[in-house]
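Peer 1: Pasting a structure here, questions to come.
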Amino acid sequence: MSAALRLDGVGFSYGAVAALCDVSFDVAAGERVALLGRNGAGKTTLVRLVAGLLHPNAGTVWVGDWDTGGRAPEELARRVGSLFQHADQQLFARTVREDVSFGPRALGLPAHEVRRRTEEALEALALGGHATQHPYDLPPALRKLAALAGALALEPIVLVLDEPTAGLDRALRAQVADALREHAERGAALLVVTHDLAFAAETLDRGIVLDGGRLAYDEPLAALLTSAERLKPLGLVPPTVAALSVALDLPGRPVRERDAAHTLARVAGGGPGL
Amino acid sequence: MRTLHPFTLLAVAAALPALAWILPAPGGGLATLLVALSLTLTPGASPGPAGTGISRSWRPGLVVFRTALFTAAPFWLFLLLLHDVRTTVAIGLRISTMVASFVWLAAVLAPDRLVEATVARGWSVTAAYLFAATLSAVPVLKARARRIVEAQRCRGLSPRGSVANRFRALRALALPLVLSALHEVDERTLALESRGLVSGARRTSLAPPPDRVVERVVRWGLLLLCLAALVRRLA
Amino acid sequence: MTPLALEEVTFWYPATETPALRDVALEVAAGEIVALVGKVGAGASTLLLVAADLAPRVTGGRLAGAVRRRARSGIVLPTPWTQLSGMAFTVWDEVAFGPANLGWPGHEIARHVDHALERLEIVSLAARDPVTLSGGELQRVIVAGLLAMDPDLMLLDEPTAELDPAGARSVWRLLRLLAGEGKAIVVATSELDAVPDVADQVVWLDDGAVRAIGTPQLLAEDAACDDGLGTTVARIWRAAGLAPPYPLTVADAVRRWP
Ligand SMILES: Nc1ncnc2c1ncn2[C@@H]1O[C@H](COP(=O)(O)OP(=O)(O)OP(=O)(O)O)[C@@H](O)[C@H]1O
Ligand SMILES: [Mg+2]
């Protein structure tokens with residue numbers, strides 16, 4: 001099966017600043033991948049390359065069988081949905097609903113399809129109550145959700161999201177996690193840039209770590225997140241659940257809250273409370 | 001060019017349009033336009049004013065030159081619709097001088113240096129900031145427009161292709177541009193206040209731009225030149 | 001003298017009828033870190049704007065009650081990319097923007113700017129154009145800009161949202177250090193697991209009102225866990241059906257574990 005997203009020896013520099021160097025990996029349909037790394041590692045640059053806002057200096061970015069090199073962002077929008085790190089720079093309509101429906105309308109979809117997608121995306125992120133508000137009237141966290149809804153409404157085969165949970169509270173994070181899982185189950189490939197390793201552990205399966213623009217690790221997240229020594233030089237710290245598993249020496253080293261609670265209950269001899 | 005004192009840059013950008021209107025048409029306008037356009041081509045017209053989202057996209061030479069031409073072009077069209085050829089040429093040259101001078105100014109005038117210079121002259125910080133921000137409004141707006149267009153393209157709107165397509169894209173851009181500019185005013189005020197830019201602040205001049213004697217002479221010279229031209233014209 | 005005291009503060013944004021804050025009373029002492037926690041929209045950001053004297057003075061709106069501020073304050077807004085001065089070509093000048101507005105002598109400014117850049121680990125970015133920075137680099141610059149102004153009352157809204165985990169840790173450590181130097185600090189954060197090691201006092205905001213004030217131990221109580229405000233360790237403990245009181249942090253859990 002061909003990959004939904006493939007990077008093949010990708011390099012990119014901003015003038016003299018080399019941001020990415022020889023990065024290669026595949027993401028299959030339905031796969032949920034975290035893109036991690038310290039500040040300035042090149043994650044946002046990679047997102048912009050996949051969205052077609054930048055073009056690689058070296059190598060190729062493939063979205064399905066499309067080489068993004070020769071394609072404009074508006075063409076790629078048929079396959080790629082993206083969330084920017086500063087999401088309020090991504091909102092431009094008068095109401096949240098209008099903003100979410102912008103993509104489907106611009107793609108020229110029939111009215112009923114536009115409506116279905118818009119309402120589904122709003123519902124998936126529980127934005128129904130804010131649909132008629134101006135995006136700028138929302139707190140920054142909800143603006144982020146509105147922009148994410150706009151990307152989901154494209155129903156793309158690849159979702160590239162830059163820091164979808166920054167500043168979100170627990171309930172909203174869970175909402176985002178559910179929406180992403182659902183899109184992955186429907187076959188979307190997820191590439192999620194995040195510093196929120198707890199969110200990554202709960203929602204995603206595979207971790208790709210960039211360091212100084214190069215690929216440092218590409219492996220199952222659970223193994224990566226429980227290894228403090230390997231994370232440290234990359235500017236990363238094990239999230240709480242992983243740290244707890246290691247500190248209490250929980251069997252199987254769970255990295256998700258629910259798994260940790262089950263294991264803890266079992267080890268302590270009580271019944272699971274979840 | 002960026003090493004010139006901000007007031008000198010302002011003086012040049014003001015004197016050219018003034019002369020364009022004062023001197024007899026079409027020769028005067030043609031001369032000033034040529035000067036203004038050649039200024040846009042000077043390599044010194046380099047990095048754009050720093051500001052929200054503008055980086056080095058405002059490049060020296062051709063880009064500034066092209067921007068000046070593109071901005072001036074529509075005026076010619078309107079003039080031609082309203083006037084005969086002679087008047088169109090006369091006024092068109094003058095307006096083009098104004099446009100080219102302003103575009104050049106926006107490209108070379110670093111707002112931070114302007115603030116420093118005006119504060120050094122005893123202006124209040126807030127007034128100085130407002131003045132500088134007004135002069136750098138065009139590139140800031142341009143950067144914001146670019147961001148909105150990027151976001152819209154990522155959602156499938158094509159700004160290219162047929163005239164109808166371009167028109168649609170332009171319409172989709174106009175309103176968000178205005179609204180986000182209004183919104184940004186609020187945000188900006190909050191940000192600047194939070195960074196200590198309050199009225200009555202006595203700002204320390206970090207690196208006041210040096211004002212050389214030659215530059216003072218040039219500025220006075222320009223003023224005298226304009227006055228002389230005016231007197232001649234009226235006499 | 002407390003650097004900040006809010007007495008029964010109620011605040012309405014312009015053209016709204018429901019207040020964003022209701023009857024909030026709060027005191028922050030020098031050398032103390034207060035963490036504001038709550039759901040999105042609970043009022044933490046508004047409280048910081050009020051504490052910074054930006055609301056209602058700049059934002060507009062209406063305030064009832066009294067705000068007493070006996071210290072110079074500085075704030076980091078939750079959207080760092082909007083907080084750039086727009087007047088600086090280099091990171092160094094950007095960080096110096098605030099101190100310069102305070103009218104300090106040049107050498108004082110330089111000392112504070114250099115120190116702030118060091119503390120945020122961004123010395124190597126000093127000559128960069130701020131508009132080309134990555135998200136986290138920019139957030140560090142804005143925090144450095146606050147530090148360089150050396151305010152006695154520091155107000156921070158989600159200061160670690162875009163930092164890498166190691167960077168977030170060092171900012172939290174830095175805040176402890178600053179509190180040790182006598183600063184009063186109020187920080188709104190959704191990073192609940194960081195709170196126990198950082199905060200002296202936790203203020204739980206709910207729908208604009210103070211639901212509870214206490215030590216970080218608050219975040220291990222059932223009520224907080226029910227509202228999504230428990231720390232991860234407390235939540236796991238509780239979900240495992242183990243008896244309260246729940247441990248707050250991994251270190252607590254290890255101590256509790258047989
Ligand atoms: N327009 C630009 N010009 C010059 N350098 C840039 C530009 N944009 C980014 N960079 C640099 O490229 C590197 C990678 O930036 P990028 O934004 O991809 O980082 P990131 O991994 O997303 O970081 P963060 O976690 O802080 O968001 C950084 O060192 C950054 O300073
Ligand atoms: Mg980034």
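For the structure tokens, the naming scheme is as follows: chains receive sequential letters (A, B, ...) according to their order of presentation, residues are indexed from 1 within each chain, and ligands are indexed from 1 in presentation order.
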Excluding same-chain residues fewer than 5 positions from Leu107 of chain A, what lies within 10 Å of it counting only C-alpha atoms, as a PyMOL selection string?
Peer 2: (chain A and resi 74-75+77-78+102+114+154) or (chain B and resi 155-158)
Peer 1: DSSP on the backbone: which residues in segment 86-171 of chain C end up as strand (DSSP E or B)? Give the answer as a list in words.
Peer 2: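 Matching residues for strand (DSSP E or B) in segment 86-171 of chain C are Leu153, Met154, Leu155, Leu156 and Asp157 of chain C.
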Peer 1: Around ligand 1, which protein and nucleic acid residues have at least one atom no more than 9 Å from it, if we count only C-alpha atoms and all ligand atoms? List them as an MDAnalysis selection string.
Peer 2: (chainID A and resid 13:20 36:48 85 162:163 193:195 210:213) or (chainID B and resid 55:56) or (chainID C and resid 125 128:139 162:164)
Peer 1: Give the answer as one residue: which of A:His134, A:His183, A:Arg214, A:Arg32 has the shortest atom-to-atom distance to chain B, using only C-alpha atoms?
Peer 2: A:His134
Peer 1: Pick out the closest residue to Gly81 of chain A from this set: A:Pro110, A:Pro104, A:Gly30, A:Gly150. Count only C-alpha atoms.
Peer 2: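 Going through A:Pro110, A:Pro104, A:Gly30, A:Gly150 one by one, the smallest distance to Gly81 of chain A is for A:Gly150.
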Peer 1: For atom CA of Ala222 of chain A and atom CA of Arg256 of chain A, quote the distance in Å rounded to one decimal.
Peer 2: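 Atom-to-atom, atom CA of Ala222 of chain A to atom CA of Arg256 of chain A, that is 8.8 Å.
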Peer 1: Output as a PDB file with N, CA and C atoms, in the first residue's frame the set of chain B residues within 12 Å of chain C, with distances taken over only C-alpha atoms.
Peer 2:
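Writing done, so here's iface_32.pdb:
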```
ATOM      1  N   PRO B  47      16.117  45.960   3.745  1.00  0.00           N
ATOM      2  CA  PRO B  47      15.055  45.181   4.375  1.00  0.00           C
ATOM      3  C   PRO B  47      13.870  46.003   4.810  1.00  0.00           C
ATOM      4  N   GLY B  48      12.741  45.371   4.774  1.00  0.00           N
ATOM      5  CA  GLY B  48      11.499  46.045   5.077  1.00  0.00           C
ATOM      6  C   GLY B  48      11.422  46.379   6.550  1.00  0.00           C
ATOM      7  N   PRO B  49      10.595  47.347   6.863  1.00  0.00           N
ATOM      8  CA  PRO B  49      10.425  47.691   8.263  1.00  0.00           C
ATOM      9  C   PRO B  49      10.039  46.436   9.028  1.00  0.00           C
ATOM     10  N   ALA B  50      10.643  46.235  10.161  1.00  0.00           N
ATOM     11  CA  ALA B  50      10.235  45.091  10.968  1.00  0.00           C
ATOM     12  C   ALA B  50       8.838  45.392  11.434  1.00  0.00           C
ATOM     13  N   GLY B  51       8.070  44.389  11.602  1.00  0.00           N
ATOM     14  CA  GLY B  51       6.717  44.620  12.065  1.00  0.00           C
ATOM     15  C   GLY B  51       6.059  43.300  12.020  1.00  0.00           C
ATOM     16  N   THR B  52       4.844  43.238  12.442  1.00  0.00           N
ATOM     17  CA  THR B  52       4.182  41.962  12.514  1.00  0.00           C
ATOM     18  C   THR B  52       4.242  41.269  11.173  1.00  0.00           C
ATOM     19  N   GLY B  53       5.095  40.268  11.104  1.00  0.00           N
ATOM     20  CA  GLY B  53       5.059  39.377   9.958  1.00  0.00           C
ATOM     21  C   GLY B  53       5.798  39.836   8.729  1.00  0.00           C
ATOM     22  N   ILE B  54       6.456  40.973   8.777  1.00  0.00           N
ATOM     23  CA  ILE B  54       7.201  41.348   7.589  1.00  0.00           C
ATOM     24  C   ILE B  54       8.615  40.941   7.796  1.00  0.00           C
ATOM     25  N   SER B  55       9.147  40.167   6.915  1.00  0.00           N
ATOM     26  CA  SER B  55      10.548  39.869   7.092  1.00  0.00           C
ATOM     27  C   SER B  55      11.293  40.568   5.978  1.00  0.00           C
ATOM     28  N   ARG B  56      12.141  39.829   5.344  1.00  0.00           N
ATOM     29  CA  ARG B  56      12.971  40.478   4.330  1.00  0.00           C
ATOM     30  C   ARG B  56      12.315  40.410   2.959  1.00  0.00           C
ATOM     31  N   SER B  57      11.010  40.240   2.942  1.00  0.00           N
ATOM     32  CA  SER B  57      10.349  40.044   1.650  1.00  0.00           C
ATOM     33  C   SER B  57      10.449  41.314   0.797  1.00  0.00           C
ATOM     34  N   LEU B 109      12.712  53.434   5.223  1.00  0.00           N
ATOM     35  CA  LEU B 109      12.603  54.050   6.541  1.00  0.00           C
ATOM     36  C   LEU B 109      12.366  52.974   7.595  1.00  0.00           C
ATOM     37  N   ALA B 110      13.340  52.767   8.474  1.00  0.00           N
ATOM     38  CA  ALA B 110      13.169  51.797   9.547  1.00  0.00           C
ATOM     39  C   ALA B 110      12.399  52.465  10.672  1.00  0.00           C
ATOM     40  N   PRO B 111      11.235  51.909  11.037  1.00  0.00           N
ATOM     41  CA  PRO B 111      10.409  52.600  12.027  1.00  0.00           C
ATOM     42  C   PRO B 111      11.120  52.780  13.374  1.00  0.00           C
ATOM     43  N   ASP B 112      11.971  51.804  13.724  1.00  0.00           N
ATOM     44  CA  ASP B 112      12.635  51.947  15.021  1.00  0.00           C
ATOM     45  C   ASP B 112      13.574  53.152  15.015  1.00  0.00           C
ATOM     46  N   ARG B 113      14.237  53.360  13.869  1.00  0.00           N
ATOM     47  CA  ARG B 113      15.142  54.504  13.785  1.00  0.00           C
ATOM     48  C   ARG B 113      14.366  55.820  13.800  1.00  0.00           C
ATOM     49  N   LEU B 114      13.204  55.787  13.162  1.00  0.00           N
ATOM     50  CA  LEU B 114      12.387  56.997  13.156  1.00  0.00           C
ATOM     51  C   LEU B 114      11.938  57.343  14.575  1.00  0.00           C
ATOM     52  N   VAL B 115      11.534  56.309  15.320  1.00  0.00           N
ATOM     53  CA  VAL B 115      11.125  56.547  16.706  1.00  0.00           C
ATOM     54  C   VAL B 115      12.291  57.144  17.492  1.00  0.00           C
ATOM     55  N   GLU B 116      13.461  56.537  17.339  1.00  0.00           N
ATOM     56  CA  GLU B 116      14.637  57.027  18.050  1.00  0.00           C
ATOM     57  C   GLU B 116      14.900  58.489  17.709  1.00  0.00           C
ATOM     58  N   VAL B 119      12.161  60.822  19.086  1.00  0.00           N
ATOM     59  CA  VAL B 119      12.266  60.924  20.543  1.00  0.00           C
ATOM     60  C   VAL B 119      13.458  61.794  20.919  1.00  0.00           C
ATOM     61  N   SER B 124       7.031  62.997  22.256  1.00  0.00           N
ATOM     62  CA  SER B 124       6.655  61.972  23.214  1.00  0.00           C
ATOM     63  C   SER B 124       6.739  60.620  22.510  1.00  0.00           C
ATOM     64  N   VAL B 125       6.978  59.575  23.284  1.00  0.00           N
ATOM     65  CA  VAL B 125       7.142  58.247  22.704  1.00  0.00           C
ATOM     66  C   VAL B 125       5.914  57.821  21.926  1.00  0.00           C
ATOM     67  N   THR B 126       4.752  58.073  22.512  1.00  0.00           N
ATOM     68  CA  THR B 126       3.534  57.590  21.865  1.00  0.00           C
ATOM     69  C   THR B 126       3.318  58.287  20.528  1.00  0.00           C
ATOM     70  N   ALA B 128       5.642  59.585  18.670  1.00  0.00           N
ATOM     71  CA  ALA B 128       6.681  59.081  17.766  1.00  0.00           C
ATOM     72  C   ALA B 128       6.292  57.716  17.226  1.00  0.00           C
ATOM     73  N   TYR B 129       5.777  56.883  18.118  1.00  0.00           N
ATOM     74  CA  TYR B 129       5.395  55.541  17.694  1.00  0.00           C
ATOM     75  C   TYR B 129       4.266  55.601  16.667  1.00  0.00           C
ATOM     76  N   LEU B 130       3.292  56.431  16.949  1.00  0.00           N
ATOM     77  CA  LEU B 130       2.145  56.538  16.057  1.00  0.00           C
ATOM     78  C   LEU B 130       2.589  56.999  14.670  1.00  0.00           C
ATOM     79  N   ALA B 132       5.594  56.690  13.318  1.00  0.00           N
ATOM     80  CA  ALA B 132       6.349  55.629  12.654  1.00  0.00           C
ATOM     81  C   ALA B 132       5.428  54.517  12.172  1.00  0.00           C
ATOM     82  N   ALA B 133       4.447  54.181  13.007  1.00  0.00           N
ATOM     83  CA  ALA B 133       3.544  53.086  12.652  1.00  0.00           C
ATOM     84  C   ALA B 133       2.719  53.465  11.429  1.00  0.00           C
ATOM     85  N   SER B 136       4.725  52.984   8.370  1.00  0.00           N
ATOM     86  CA  SER B 136       5.025  51.602   7.992  1.00  0.00           C
ATOM     87  C   SER B 136       3.751  50.788   7.838  1.00  0.00           C
ATOM     88  N   ALA B 137       2.616  51.481   7.741  1.00  0.00           N
ATOM     89  CA  ALA B 137       1.342  50.763   7.662  1.00  0.00           C
ATOM     90  C   ALA B 137       1.234  49.922   6.395  1.00  0.00           C
ATOM     91  N   PRO B 139       3.555  48.267   4.389  1.00  0.00           N
ATOM     92  CA  PRO B 139       4.146  46.923   4.440  1.00  0.00           C
ATOM     93  C   PRO B 139       3.517  46.011   5.486  1.00  0.00           C
ATOM     94  N   VAL B 140       3.066  46.584   6.603  1.00  0.00           N
ATOM     95  CA  VAL B 140       2.409  45.747   7.607  1.00  0.00           C
ATOM     96  C   VAL B 140       1.145  45.138   7.016  1.00  0.00           C
ATOM     97  N   ALA B 143       1.974  42.381   4.626  1.00  0.00           N
ATOM     98  CA  ALA B 143       2.321  41.121   5.290  1.00  0.00           C
ATOM     99  C   ALA B 143       1.060  40.422   5.784  1.00  0.00           C
ATOM    100  N   HIS B 183      -8.973  44.581  14.414  1.00  0.00           N
ATOM    101  CA  HIS B 183      -8.728  43.750  15.582  1.00  0.00           C
ATOM    102  C   HIS B 183      -7.307  43.945  16.082  1.00  0.00           C
ATOM    103  N   GLU B 184      -6.406  44.089  15.119  1.00  0.00           N
ATOM    104  CA  GLU B 184      -5.003  44.198  15.498  1.00  0.00           C
ATOM    105  C   GLU B 184      -4.724  45.494  16.257  1.00  0.00           C
ATOM    106  N   VAL B 185      -5.490  46.547  15.936  1.00  0.00           N
ATOM    107  CA  VAL B 185      -5.295  47.795  16.667  1.00  0.00           C
ATOM    108  C   VAL B 185      -5.458  47.550  18.164  1.00  0.00           C
ATOM    109  N   ASP B 186      -6.524  46.816  18.516  1.00  0.00           N
ATOM    110  CA  ASP B 186      -6.741  46.497  19.934  1.00  0.00           C
ATOM    111  C   ASP B 186      -5.569  45.738  20.514  1.00  0.00           C
ATOM    112  N   GLU B 187      -5.182  44.699  19.785  1.00  0.00           N
ATOM    113  CA  GLU B 187      -4.119  43.833  20.290  1.00  0.00           C
ATOM    114  C   GLU B 187      -2.817  44.600  20.453  1.00  0.00           C
ATOM    115  N   ARG B 188      -2.552  45.438  19.457  1.00  0.00           N
ATOM    116  CA  ARG B 188      -1.323  46.221  19.441  1.00  0.00           C
ATOM    117  C   ARG B 188      -1.258  47.160  20.649  1.00  0.00           C
ATOM    118  N   THR B 189      -2.376  47.831  20.912  1.00  0.00           N
ATOM    119  CA  THR B 189      -2.393  48.745  22.048  1.00  0.00           C
ATOM    120  C   THR B 189      -2.052  47.997  23.323  1.00  0.00           C
ATOM    121  N   LEU B 190      -2.687  46.832  23.464  1.00  0.00           N
ATOM    122  CA  LEU B 190      -2.463  46.018  24.656  1.00  0.00           C
ATOM    123  C   LEU B 190      -0.989  45.627  24.753  1.00  0.00           C
ATOM    124  N   ALA B 191      -0.446  45.183  23.622  1.00  0.00           N
ATOM    125  CA  ALA B 191       0.938  44.725  23.613  1.00  0.00           C
ATOM    126  C   ALA B 191       1.892  45.865  23.965  1.00  0.00           C
ATOM    127  N   LEU B 192       1.669  47.025  23.347  1.00  0.00           N
ATOM    128  CA  LEU B 192       2.598  48.140  23.565  1.00  0.00           C
ATOM    129  C   LEU B 192       2.508  48.670  24.991  1.00  0.00           C
ATOM    130  N   GLU B 193       1.284  48.765  25.491  1.00  0.00           N
ATOM    131  CA  GLU B 193       1.127  49.189  26.882  1.00  0.00           C
ATOM    132  C   GLU B 193       1.869  48.237  27.796  1.00  0.00           C
ATOM    133  N   SER B 194       1.730  46.943  27.495  1.00  0.00           N
ATOM    134  CA  SER B 194       2.362  45.943  28.349  1.00  0.00           C
ATOM    135  C   SER B 194       3.882  46.014  28.257  1.00  0.00           C
ATOM    136  N   ARG B 195       4.385  46.619  27.193  1.00  0.00           N
ATOM    137  CA  ARG B 195       5.834  46.736  27.056  1.00  0.00           C
ATOM    138  C   ARG B 195       6.325  48.112  27.493  1.00  0.00           C
ATOM    139  N   GLY B 196       5.469  48.815  28.201  1.00  0.00           N
ATOM    140  CA  GLY B 196       5.909  50.069  28.805  1.00  0.00           C
ATOM    141  C   GLY B 196       5.755  51.287  27.917  1.00  0.00           C
ATOM    142  N   LEU B 197       5.094  51.123  26.756  1.00  0.00           N
ATOM    143  CA  LEU B 197       4.912  52.274  25.876  1.00  0.00           C
ATOM    144  C   LEU B 197       3.647  53.013  26.292  1.00  0.00           C
ATOM    145  N   VAL B 198       3.768  53.838  27.317  1.00  0.00           N
ATOM    146  CA  VAL B 198       2.612  54.583  27.795  1.00  0.00           C
ATOM    147  C   VAL B 198       2.893  56.056  27.570  1.00  0.00           C
ATOM    148  N   SER B 199       1.820  56.849  27.429  1.00  0.00           N
ATOM    149  CA  SER B 199       2.063  58.258  27.165  1.00  0.00           C
ATOM    150  C   SER B 199       2.770  58.864  28.374  1.00  0.00           C
ATOM    151  N   GLY B 200       3.707  59.740  28.079  1.00  0.00           N
ATOM    152  CA  GLY B 200       4.455  60.368  29.157  1.00  0.00           C
ATOM    153  C   GLY B 200       5.724  59.620  29.503  1.00  0.00           C
ATOM    154  N   ALA B 201       5.917  58.424  28.864  1.00  0.00           N
ATOM    155  CA  ALA B 201       7.146  57.692  29.147  1.00  0.00           C
ATOM    156  C   ALA B 201       8.342  58.472  28.600  1.00  0.00           C
ATOM    157  N   ARG B 202       9.443  58.445  29.334  1.00  0.00           N
ATOM    158  CA  ARG B 202      10.678  59.114  28.872  1.00  0.00           C
ATOM    159  C   ARG B 202      11.577  58.032  28.320  1.00  0.00           C
ATOM    160  N   ARG B 203      11.473  57.765  27.048  1.00  0.00           N
ATOM    161  CA  ARG B 203      12.210  56.645  26.493  1.00  0.00           C
ATOM    162  C   ARG B 203      13.696  56.947  26.371  1.00  0.00           C
ATOM    163  N   THR B 204      14.492  55.929  26.719  1.00  0.00           N
ATOM    164  CA  THR B 204      15.925  56.045  26.516  1.00  0.00           C
ATOM    165  C   THR B 204      16.219  55.825  25.041  1.00  0.00           C
ATOM    166  N   SER B 205      17.025  56.682  24.473  1.00  0.00           N
ATOM    167  CA  SER B 205      17.414  56.492  23.091  1.00  0.00           C
ATOM    168  C   SER B 205      18.542  55.479  23.061  1.00  0.00           C
ATOM    169  N   LEU B 206      18.284  54.316  22.461  1.00  0.00           N
ATOM    170  CA  LEU B 206      19.288  53.252  22.508  1.00  0.00           C
ATOM    171  C   LEU B 206      20.444  53.553  21.574  1.00  0.00           C
ATOM    172  N   ALA B 207      20.099  53.945  20.361  1.00  0.00           N
ATOM    173  CA  ALA B 207      21.139  54.264  19.386  1.00  0.00           C
ATOM    174  C   ALA B 207      20.607  55.368  18.497  1.00  0.00           C
ATOM    175  N   PRO B 208      20.611  56.603  18.991  1.00  0.00           N
ATOM    176  CA  PRO B 208      20.045  57.684  18.181  1.00  0.00           C
ATOM    177  C   PRO B 208      20.793  57.785  16.866  1.00  0.00           C
TER     178      PRO B 208
END
```
